[in-house]
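Heads up, work.txt below (compact mmCIF, C-alpha atoms and all ligand atoms):
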```
# COMPACT_ATOMS: atom_id res chain seq x y z
CA MET I 1 -100.41 155.67 38.91
CA GLU I 2 -97.95 155.38 41.74
CA ASN I 3 -94.69 157.22 41.82
CA ARG I 4 -92.15 157.55 44.53
CA MET I 5 -91.49 161.16 43.50
CA ASP I 6 -94.18 163.73 42.93
CA GLU I 7 -94.26 165.92 39.86
CA SER I 8 -92.69 169.02 41.42
CA MET I 9 -89.77 166.97 42.75
CA ILE I 10 -89.23 165.48 39.31
CA ARG I 11 -89.47 168.91 37.71
CA ASN I 12 -86.84 170.31 40.08
CA ARG I 13 -84.43 167.47 39.52
CA VAL I 14 -84.81 167.80 35.76
CA ARG I 15 -84.23 171.55 35.96
CA GLU I 16 -80.98 170.95 37.83
CA ALA I 17 -79.79 168.55 35.13
CA LEU I 18 -80.43 170.83 32.15
CA SER I 19 -79.52 174.21 30.72
CA ALA I 20 -82.21 176.88 30.98
CA GLN I 21 -82.87 176.62 27.26
CA ARG I 22 -83.31 172.85 27.31
CA PHE I 23 -85.50 173.07 30.38
CA GLU I 24 -87.74 175.49 28.54
CA HIS I 25 -88.00 172.92 25.74
CA VAL I 26 -88.97 170.27 28.28
CA GLU I 27 -91.67 172.53 29.74
CA GLY I 28 -93.02 173.00 26.23
CA VAL I 29 -93.06 169.24 25.66
CA VAL I 30 -94.88 168.70 28.98
CA ALA I 31 -97.63 171.17 28.08
CA THR I 32 -97.96 169.88 24.52
CA ALA I 33 -97.95 166.20 25.53
CA ALA I 34 -100.64 166.85 28.15
CA ARG I 35 -102.81 168.63 25.61
CA LEU I 36 -102.39 165.84 23.03
CA ALA I 37 -103.17 163.28 25.72
CA GLU I 38 -106.45 165.01 26.47
CA ARG I 39 -107.23 165.30 22.78
CA TYR I 40 -106.60 161.59 22.10
CA GLY I 41 -107.94 159.98 25.27
CA GLU I 42 -104.60 159.23 26.90
CA ASP I 43 -103.79 159.84 30.57
CA PRO I 44 -102.34 163.38 30.78
CA LYS I 45 -100.49 162.49 33.99
CA LYS I 46 -98.57 159.76 32.19
CA ALA I 47 -97.86 162.11 29.31
CA ARG I 48 -96.54 164.80 31.64
CA LEU I 49 -94.37 162.34 33.55
CA ALA I 50 -92.80 160.94 30.38
CA ALA I 51 -92.27 164.43 29.03
CA TRP I 52 -90.56 165.72 32.19
CA ILE I 53 -88.00 162.92 32.12
CA HIS I 54 -87.50 162.39 28.36
CA ASP I 55 -84.43 164.65 27.96
CA TYR I 56 -82.98 164.13 31.44
CA ALA I 57 -79.70 162.79 29.97
CA ARG I 58 -79.74 165.00 26.86
CA GLU I 59 -76.80 167.14 27.97
CA TRP I 60 -74.53 164.39 29.23
CA PRO I 61 -71.11 164.32 27.58
CA VAL I 62 -70.87 161.77 24.77
CA ALA I 63 -68.34 159.68 26.72
CA ARG I 64 -70.73 159.33 29.65
CA LEU I 65 -73.59 158.37 27.34
CA ARG I 66 -71.40 155.82 25.57
CA ALA I 67 -70.32 154.26 28.85
CA TYR I 68 -73.94 154.05 29.99
CA ALA I 69 -74.99 152.62 26.62
CA GLU I 70 -72.45 149.88 27.12
CA ARG I 71 -73.73 149.13 30.59
CA LEU I 72 -77.29 148.92 29.24
CA GLN I 73 -76.00 146.74 26.39
CA LEU I 74 -77.75 148.88 23.81
CA PRO I 75 -77.55 147.56 20.25
CA ALA I 76 -74.53 148.91 18.36
CA GLU I 77 -76.70 150.68 15.78
CA VAL I 78 -78.17 152.80 18.58
CA ALA I 79 -74.99 153.21 20.62
CA GLU I 80 -73.01 154.55 17.68
CA ILE I 81 -75.36 157.52 17.18
CA PRO I 82 -74.88 159.61 20.34
CA ASN I 83 -78.08 161.62 19.81
CA LEU I 84 -80.16 158.46 20.15
CA VAL I 85 -78.68 157.19 23.40
CA HIS I 86 -80.22 159.72 25.79
CA GLY I 87 -83.67 158.14 25.30
CA PRO I 88 -82.82 154.64 26.56
CA VAL I 89 -80.61 156.13 29.29
CA ALA I 90 -83.42 158.39 30.54
CA ALA I 91 -85.84 155.44 30.48
CA HIS I 92 -83.47 153.51 32.71
CA LEU I 93 -83.06 156.46 35.09
CA ALA I 94 -86.83 156.97 35.10
CA GLU I 95 -87.12 153.60 36.76
CA PHE I 96 -84.10 153.66 39.04
CA GLU I 97 -83.86 157.32 39.95
CA PHE I 98 -87.42 158.59 39.66
CA GLY I 99 -89.27 155.42 40.64
CA VAL I 100 -91.38 155.22 37.48
CA ASP I 101 -92.97 151.78 37.40
CA ASP I 102 -95.23 152.19 34.38
CA PRO I 103 -93.74 150.40 31.35
CA ASP I 104 -95.69 152.57 28.88
CA VAL I 105 -94.15 155.73 30.41
CA ALA I 106 -90.68 154.15 30.34
CA ASN I 107 -91.14 153.07 26.72
CA ALA I 108 -92.32 156.53 25.68
CA ILE I 109 -89.09 157.91 27.14
CA ARG I 110 -86.97 155.06 25.72
CA TYR I 111 -88.23 155.36 22.15
CA HIS I 112 -88.61 159.13 21.86
CA THR I 113 -85.29 159.39 20.01
CA THR I 114 -85.88 156.56 17.53
CA GLY I 115 -89.52 155.57 17.43
CA ARG I 116 -90.28 151.89 16.90
CA VAL I 117 -92.66 149.61 15.09
CA GLY I 118 -95.90 149.31 17.04
CA MET I 119 -95.72 152.55 19.01
CA SER I 120 -98.34 152.95 21.74
CA ARG I 121 -100.56 156.02 21.82
CA LEU I 122 -98.45 157.47 24.66
CA GLU I 123 -95.22 156.84 22.74
CA LYS I 124 -96.67 158.66 19.72
CA ILE I 125 -97.81 161.57 21.88
CA LEU I 126 -94.40 162.14 23.45
CA CYS I 127 -92.57 161.81 20.14
CA LEU I 128 -94.89 164.28 18.44
CA ALA I 129 -94.95 166.72 21.37
CA ASP I 130 -91.14 166.70 21.30
CA ALA I 131 -91.25 167.75 17.64
CA ILE I 132 -93.94 170.44 17.81
CA GLU I 133 -93.67 172.07 21.27
CA PRO I 134 -93.97 175.87 21.01
CA GLY I 135 -90.20 176.47 21.10
CA ARG I 136 -89.56 174.41 17.94
CA GLN I 137 -88.95 176.33 14.75
CA TYR I 138 -88.29 174.67 11.41
CA PRO I 139 -89.89 174.62 7.98
CA GLY I 140 -93.16 172.66 8.13
CA VAL I 141 -93.63 172.77 11.90
CA ASP I 142 -96.86 174.78 11.61
CA ARG I 143 -98.38 172.15 9.31
CA LEU I 144 -97.42 169.48 11.84
CA ARG I 145 -98.98 171.52 14.66
CA SER I 146 -102.30 171.82 12.89
CA LEU I 147 -102.25 168.20 11.70
CA ALA I 148 -101.54 167.14 15.30
CA GLU I 149 -104.96 168.46 16.28
CA ASN I 150 -106.73 166.01 13.97
CA ASP I 151 -104.51 163.06 13.25
CA LEU I 152 -101.91 161.88 15.74
CA THR I 153 -100.53 159.06 13.58
CA GLN I 154 -100.29 160.97 10.32
CA ALA I 155 -98.76 163.98 12.05
CA LEU I 156 -96.10 161.73 13.55
CA ALA I 157 -95.53 159.94 10.22
CA GLU I 158 -94.94 163.31 8.55
CA SER I 159 -92.68 164.35 11.40
CA PHE I 160 -90.57 161.20 10.89
CA ASP I 161 -90.37 161.98 7.17
CA ALA I 162 -89.14 165.49 7.98
CA THR I 163 -86.52 164.14 10.38
CA ILE I 164 -85.30 161.54 7.90
CA GLU I 165 -85.13 164.13 5.10
CA TYR I 166 -83.17 166.43 7.39
CA LEU I 167 -80.67 163.67 8.24
CA ILE I 168 -80.26 162.79 4.57
CA ARG I 169 -79.61 166.42 3.63
CA ARG I 170 -76.96 166.65 6.36
CA ARG I 171 -75.48 163.29 5.35
CA GLU I 172 -75.92 162.01 8.88
CA PRO I 173 -76.53 158.38 9.81
CA ILE I 174 -80.13 157.16 10.08
CA PHE I 175 -80.97 154.44 12.56
CA PRO I 176 -82.65 151.66 10.53
CA GLY I 177 -85.26 151.18 13.27
CA THR I 178 -86.41 154.75 12.67
CA VAL I 179 -87.06 153.97 9.00
CA MET I 180 -89.02 150.89 10.06
CA ALA I 181 -90.99 152.98 12.56
CA ARG I 182 -91.75 155.51 9.83
CA ASN I 183 -92.95 152.77 7.48
CA ALA I 184 -95.17 151.33 10.20
CA LEU I 185 -96.77 154.72 10.91
CA TRP I 186 -97.59 155.27 7.24
CA ALA I 187 -98.89 151.69 6.96
CA GLU I 188 -101.22 152.47 9.87
CA VAL I 189 -102.43 155.64 8.17
CA HIS I 190 -102.99 153.89 4.84
CA ALA I 191 -104.71 150.86 6.40
CA ARG I 192 -107.05 153.14 8.29
CA ASP I 193 -107.77 155.38 5.32
CA GLY I 194 -108.30 152.27 3.17
CA ALA I 195 -110.11 153.10 -0.02
CA LYS I 196 -110.87 156.64 1.07
CA PRO I 197 -109.70 159.26 -1.44
CA GLN I 198 -106.30 160.78 -0.69
CA LYS I 199 -106.44 163.53 1.89
CA GLN I 200 -105.74 167.01 0.63
CA ASP I 201 -103.03 168.94 2.39
CA ALA I 202 -104.40 171.05 5.22
FE FE M 301 -84.64 163.95 23.37
FE FE M 302 -86.83 166.71 23.71
```
What does this structure look like when you write it as structure tokens?
Amino acid sequence: MENRMDESMIRNRVREALSAQRFEHVEGVVATAARLAERYGEDPKKARLAAWIHDYAREWPVARLRAYAERLQLPAEVAEIPNLVHGPVAAHLAEFEFGVDDPDVANAIRYHTTGRVGMSRLEKILCLADAIEPGRQYPGVDRLRSLAENDLTQALAESFDATIEYLIRRREPIFPGTVMARNALWAEVHARDGAKPQKQDA
């Protein structure tokens, strides 16, 4: 893969854009995404690149994100939930600021906040790594970590369920595309498992 910036340059620029705590999260996502990539036959370099950049715009003020969302003509359902906007913004900056020319890497960054129907293996890896990197602590994360070793798609489906349940409990808006992504992940799991007996919990 060709990039105009090498990994250490990207890492430095990301570090400058983020708080120490967020940067630590990003480092955790990089390591976890690379490990999942190796486990599931994906290119670890692509996984690391997507992970480095995924939260590049995470700490922008809401007004700046909104203005950028408008410029990118993001759909209203995305633009009105500020937490979702940093994904598409970072995907855009990946191309224009970091010189990323791989659409799969850009899509992994773009969809890490929402998921989508028909996620690629790399998109799944970044999304899951974001949820289970070593700094994450929430009920159920250890189950997701162990499931992630054996079943990328089911681990991500369960992670989406946990996120959606969390948003419901907090009475926060849920992007409809995330529900569709969740349904698609479970459909993939069920289609694959077919007539096999239901898996027991790990
Ligand atoms: Fe993020
Ligand atoms: Fe993140």
Distance filter 12 Å around ligand FE 302 (chain M), atoms: all atoms listed in the file, out as an NGL selection string
:I and (18 or 21-30 or 32-33 or 50-59 or 83-84 or 86-87 or 90 or 108-114 or 126-136)
Can you pull out the residues contacting Arg116 in chain I? Cut-off 10 Å, using all atoms listed in the file, and skip same-chain residues under 2 positions away; I want them as a ChimeraX atom specification.
/I:107,110-114,118-120,123-124,176-185
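Proximity of I:Ile125, I:Leu144, I:Val85, I:Ala155 to ligand FE 301 (chain M), computed with all atoms listed in the file, is greatest for I:Val85.
Distances here use only C-alpha atoms and all ligand atoms; by that measure, the residue among I:Ala31, I:Val89, I:Ala157, I:Ala69 closest to ligand FE 301 (chain M) is I:Val89.
The coordinates place CA of Val105 in chain I at 19.8 Å from CA of Ala17 in chain I.
Of the residues under consideration (I:Leu156, I:Ile168, I:Val141, I:Ala91), I:Ala91 shows the shortest atom-to-atom contact distance to ligand FE 301 (chain M) when counting all atoms listed in the file.
The gap separating CA of Val78 in chain I from CA of Glu97 in chain I is 22.6 Å, in Å to one decimal.
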If the box runs along x, y and z of the file and leaves 8 Å on each side of range 98-109 of chain I, what are its centre and edge lengths in Å, one decimal, as JSON?
```
{"center_x": -91.6, "center_y": 154.5, "center_z": 33.2, "size_x": 24.3, "size_y": 24.2, "size_z": 31.0}
```
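With only C-alpha atoms as the atoms that count, the residue of I:Leu49, I:Leu167, I:Ala37, I:Ala79 with the shortest distance to Ala94 in chain I is I:Leu49.
Separating CA of Glu42 in chain I from CA of Arg121 in chain I is a distance of 7.2 Å.
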Point out the residue among I:Gly41, I:Gln73, I:Pro88, I:Arg192 with the least atom-to-atom distance to ligand FE 301 (chain M), counting only C-alpha atoms and all ligand atoms.
I:Pro88
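Shortest atom-to-atom contact with ligand FE 301 (chain M) among I:Pro82, I:Arg145, I:Phe98, I:Met5: I:Pro82, counting all atoms listed in the file.
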Mind filling out range 73-96 of chain I with N, CA, C and O atoms and sending it as a PDB file, in the frame of the given file?
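As written to disk, part06.pdb reads:
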```pdb
ATOM      1  N   GLN I  73     -76.129 147.665  27.530  1.00  0.00           N
ATOM      2  CA  GLN I  73     -76.000 146.740  26.390  1.00  0.00           C
ATOM      3  C   GLN I  73     -76.946 147.123  25.249  1.00  0.00           C
ATOM      4  O   GLN I  73     -77.638 146.274  24.666  1.00  0.00           O
ATOM      5  N   LEU I  74     -76.930 148.424  24.930  1.00  0.00           N
ATOM      6  CA  LEU I  74     -77.750 148.880  23.810  1.00  0.00           C
ATOM      7  C   LEU I  74     -77.174 148.314  22.516  1.00  0.00           C
ATOM      8  O   LEU I  74     -75.961 148.148  22.396  1.00  0.00           O
ATOM      9  N   PRO I  75     -78.054 148.052  21.535  1.00  0.00           N
ATOM     10  CA  PRO I  75     -77.550 147.560  20.250  1.00  0.00           C
ATOM     11  C   PRO I  75     -76.578 148.562  19.624  1.00  0.00           C
ATOM     12  O   PRO I  75     -76.746 149.782  19.783  1.00  0.00           O
ATOM     13  N   ALA I  76     -75.577 148.054  18.922  1.00  0.00           N
ATOM     14  CA  ALA I  76     -74.530 148.910  18.360  1.00  0.00           C
ATOM     15  C   ALA I  76     -75.100 150.013  17.477  1.00  0.00           C
ATOM     16  O   ALA I  76     -74.621 151.144  17.498  1.00  0.00           O
ATOM     17  N   GLU I  77     -76.158 149.683  16.707  1.00  0.00           N
ATOM     18  CA  GLU I  77     -76.700 150.680  15.780  1.00  0.00           C
ATOM     19  C   GLU I  77     -77.260 151.900  16.525  1.00  0.00           C
ATOM     20  O   GLU I  77     -77.322 152.995  15.985  1.00  0.00           O
ATOM     21  N   VAL I  78     -77.704 151.677  17.768  1.00  0.00           N
ATOM     22  CA  VAL I  78     -78.170 152.800  18.580  1.00  0.00           C
ATOM     23  C   VAL I  78     -76.969 153.481  19.245  1.00  0.00           C
ATOM     24  O   VAL I  78     -76.815 154.707  19.189  1.00  0.00           O
ATOM     25  N   ALA I  79     -76.099 152.676  19.833  1.00  0.00           N
ATOM     26  CA  ALA I  79     -74.990 153.210  20.620  1.00  0.00           C
ATOM     27  C   ALA I  79     -74.052 154.080  19.790  1.00  0.00           C
ATOM     28  O   ALA I  79     -73.442 155.014  20.310  1.00  0.00           O
ATOM     29  N   GLU I  80     -73.966 153.795  18.487  1.00  0.00           N
ATOM     30  CA  GLU I  80     -73.010 154.550  17.680  1.00  0.00           C
ATOM     31  C   GLU I  80     -73.551 155.905  17.220  1.00  0.00           C
ATOM     32  O   GLU I  80     -72.821 156.693  16.634  1.00  0.00           O
ATOM     33  N   ILE I  81     -74.811 156.192  17.492  1.00  0.00           N
ATOM     34  CA  ILE I  81     -75.360 157.520  17.180  1.00  0.00           C
ATOM     35  C   ILE I  81     -75.670 158.207  18.504  1.00  0.00           C
ATOM     36  O   ILE I  81     -76.714 157.961  19.117  1.00  0.00           O
ATOM     37  N   PRO I  82     -74.756 159.054  18.985  1.00  0.00           N
ATOM     38  CA  PRO I  82     -74.880 159.610  20.340  1.00  0.00           C
ATOM     39  C   PRO I  82     -76.238 160.275  20.613  1.00  0.00           C
ATOM     40  O   PRO I  82     -76.770 160.144  21.717  1.00  0.00           O
ATOM     41  N   ASN I  83     -76.803 160.935  19.604  1.00  0.00           N
ATOM     42  CA  ASN I  83     -78.080 161.620  19.810  1.00  0.00           C
ATOM     43  C   ASN I  83     -79.231 160.683  20.169  1.00  0.00           C
ATOM     44  O   ASN I  83     -80.249 161.124  20.692  1.00  0.00           O
ATOM     45  N   LEU I  84     -79.074 159.402  19.875  1.00  0.00           N
ATOM     46  CA  LEU I  84     -80.160 158.460  20.150  1.00  0.00           C
ATOM     47  C   LEU I  84     -80.103 157.903  21.565  1.00  0.00           C
ATOM     48  O   LEU I  84     -81.104 157.439  22.099  1.00  0.00           O
ATOM     49  N   VAL I  85     -78.924 157.951  22.165  1.00  0.00           N
ATOM     50  CA  VAL I  85     -78.680 157.190  23.400  1.00  0.00           C
ATOM     51  C   VAL I  85     -79.390 157.800  24.604  1.00  0.00           C
ATOM     52  O   VAL I  85     -79.755 157.087  25.535  1.00  0.00           O
ATOM     53  N   HIS I  86     -79.637 159.118  24.588  1.00  0.00           N
ATOM     54  CA  HIS I  86     -80.220 159.720  25.790  1.00  0.00           C
ATOM     55  C   HIS I  86     -81.643 159.230  26.068  1.00  0.00           C
ATOM     56  O   HIS I  86     -82.105 159.334  27.200  1.00  0.00           O
ATOM     57  N   GLY I  87     -82.318 158.678  25.061  1.00  0.00           N
ATOM     58  CA  GLY I  87     -83.670 158.140  25.300  1.00  0.00           C
ATOM     59  C   GLY I  87     -83.628 156.901  26.186  1.00  0.00           C
ATOM     60  O   GLY I  87     -84.215 156.879  27.273  1.00  0.00           O
ATOM     61  N   PRO I  88     -82.930 155.846  25.723  1.00  0.00           N
ATOM     62  CA  PRO I  88     -82.820 154.640  26.560  1.00  0.00           C
ATOM     63  C   PRO I  88     -82.189 154.905  27.932  1.00  0.00           C
ATOM     64  O   PRO I  88     -82.602 154.289  28.929  1.00  0.00           O
ATOM     65  N   VAL I  89     -81.236 155.823  27.993  1.00  0.00           N
ATOM     66  CA  VAL I  89     -80.610 156.130  29.290  1.00  0.00           C
ATOM     67  C   VAL I  89     -81.647 156.768  30.221  1.00  0.00           C
ATOM     68  O   VAL I  89     -81.766 156.373  31.391  1.00  0.00           O
ATOM     69  N   ALA I  90     -82.406 157.727  29.696  1.00  0.00           N
ATOM     70  CA  ALA I  90     -83.420 158.390  30.540  1.00  0.00           C
ATOM     71  C   ALA I  90     -84.504 157.399  30.968  1.00  0.00           C
ATOM     72  O   ALA I  90     -85.026 157.496  32.086  1.00  0.00           O
ATOM     73  N   ALA I  91     -84.838 156.443  30.104  1.00  0.00           N
ATOM     74  CA  ALA I  91     -85.840 155.440  30.480  1.00  0.00           C
ATOM     75  C   ALA I  91     -85.346 154.612  31.661  1.00  0.00           C
ATOM     76  O   ALA I  91     -86.099 154.289  32.578  1.00  0.00           O
ATOM     77  N   HIS I  92     -84.063 154.284  31.625  1.00  0.00           N
ATOM     78  CA  HIS I  92     -83.470 153.510  32.710  1.00  0.00           C
ATOM     79  C   HIS I  92     -83.464 154.329  34.007  1.00  0.00           C
ATOM     80  O   HIS I  92     -83.839 153.837  35.077  1.00  0.00           O
ATOM     81  N   LEU I  93     -83.082 155.592  33.907  1.00  0.00           N
ATOM     82  CA  LEU I  93     -83.060 156.460  35.090  1.00  0.00           C
ATOM     83  C   LEU I  93     -84.473 156.736  35.595  1.00  0.00           C
ATOM     84  O   LEU I  93     -84.674 156.940  36.802  1.00  0.00           O
ATOM     85  N   ALA I  94     -85.441 156.753  34.686  1.00  0.00           N
ATOM     86  CA  ALA I  94     -86.830 156.970  35.100  1.00  0.00           C
ATOM     87  C   ALA I  94     -87.215 155.909  36.131  1.00  0.00           C
ATOM     88  O   ALA I  94     -87.835 156.215  37.154  1.00  0.00           O
ATOM     89  N   GLU I  95     -86.795 154.693  35.850  1.00  0.00           N
ATOM     90  CA  GLU I  95     -87.120 153.600  36.760  1.00  0.00           C
ATOM     91  C   GLU I  95     -86.298 153.695  38.043  1.00  0.00           C
ATOM     92  O   GLU I  95     -86.827 153.656  39.153  1.00  0.00           O
ATOM     93  N   PHE I  96     -84.970 153.829  37.879  1.00  0.00           N
ATOM     94  CA  PHE I  96     -84.100 153.660  39.040  1.00  0.00           C
ATOM     95  C   PHE I  96     -83.839 154.928  39.832  1.00  0.00           C
ATOM     96  O   PHE I  96     -83.429 154.879  40.979  1.00  0.00           O
TER      97      PHE I  96
END
```
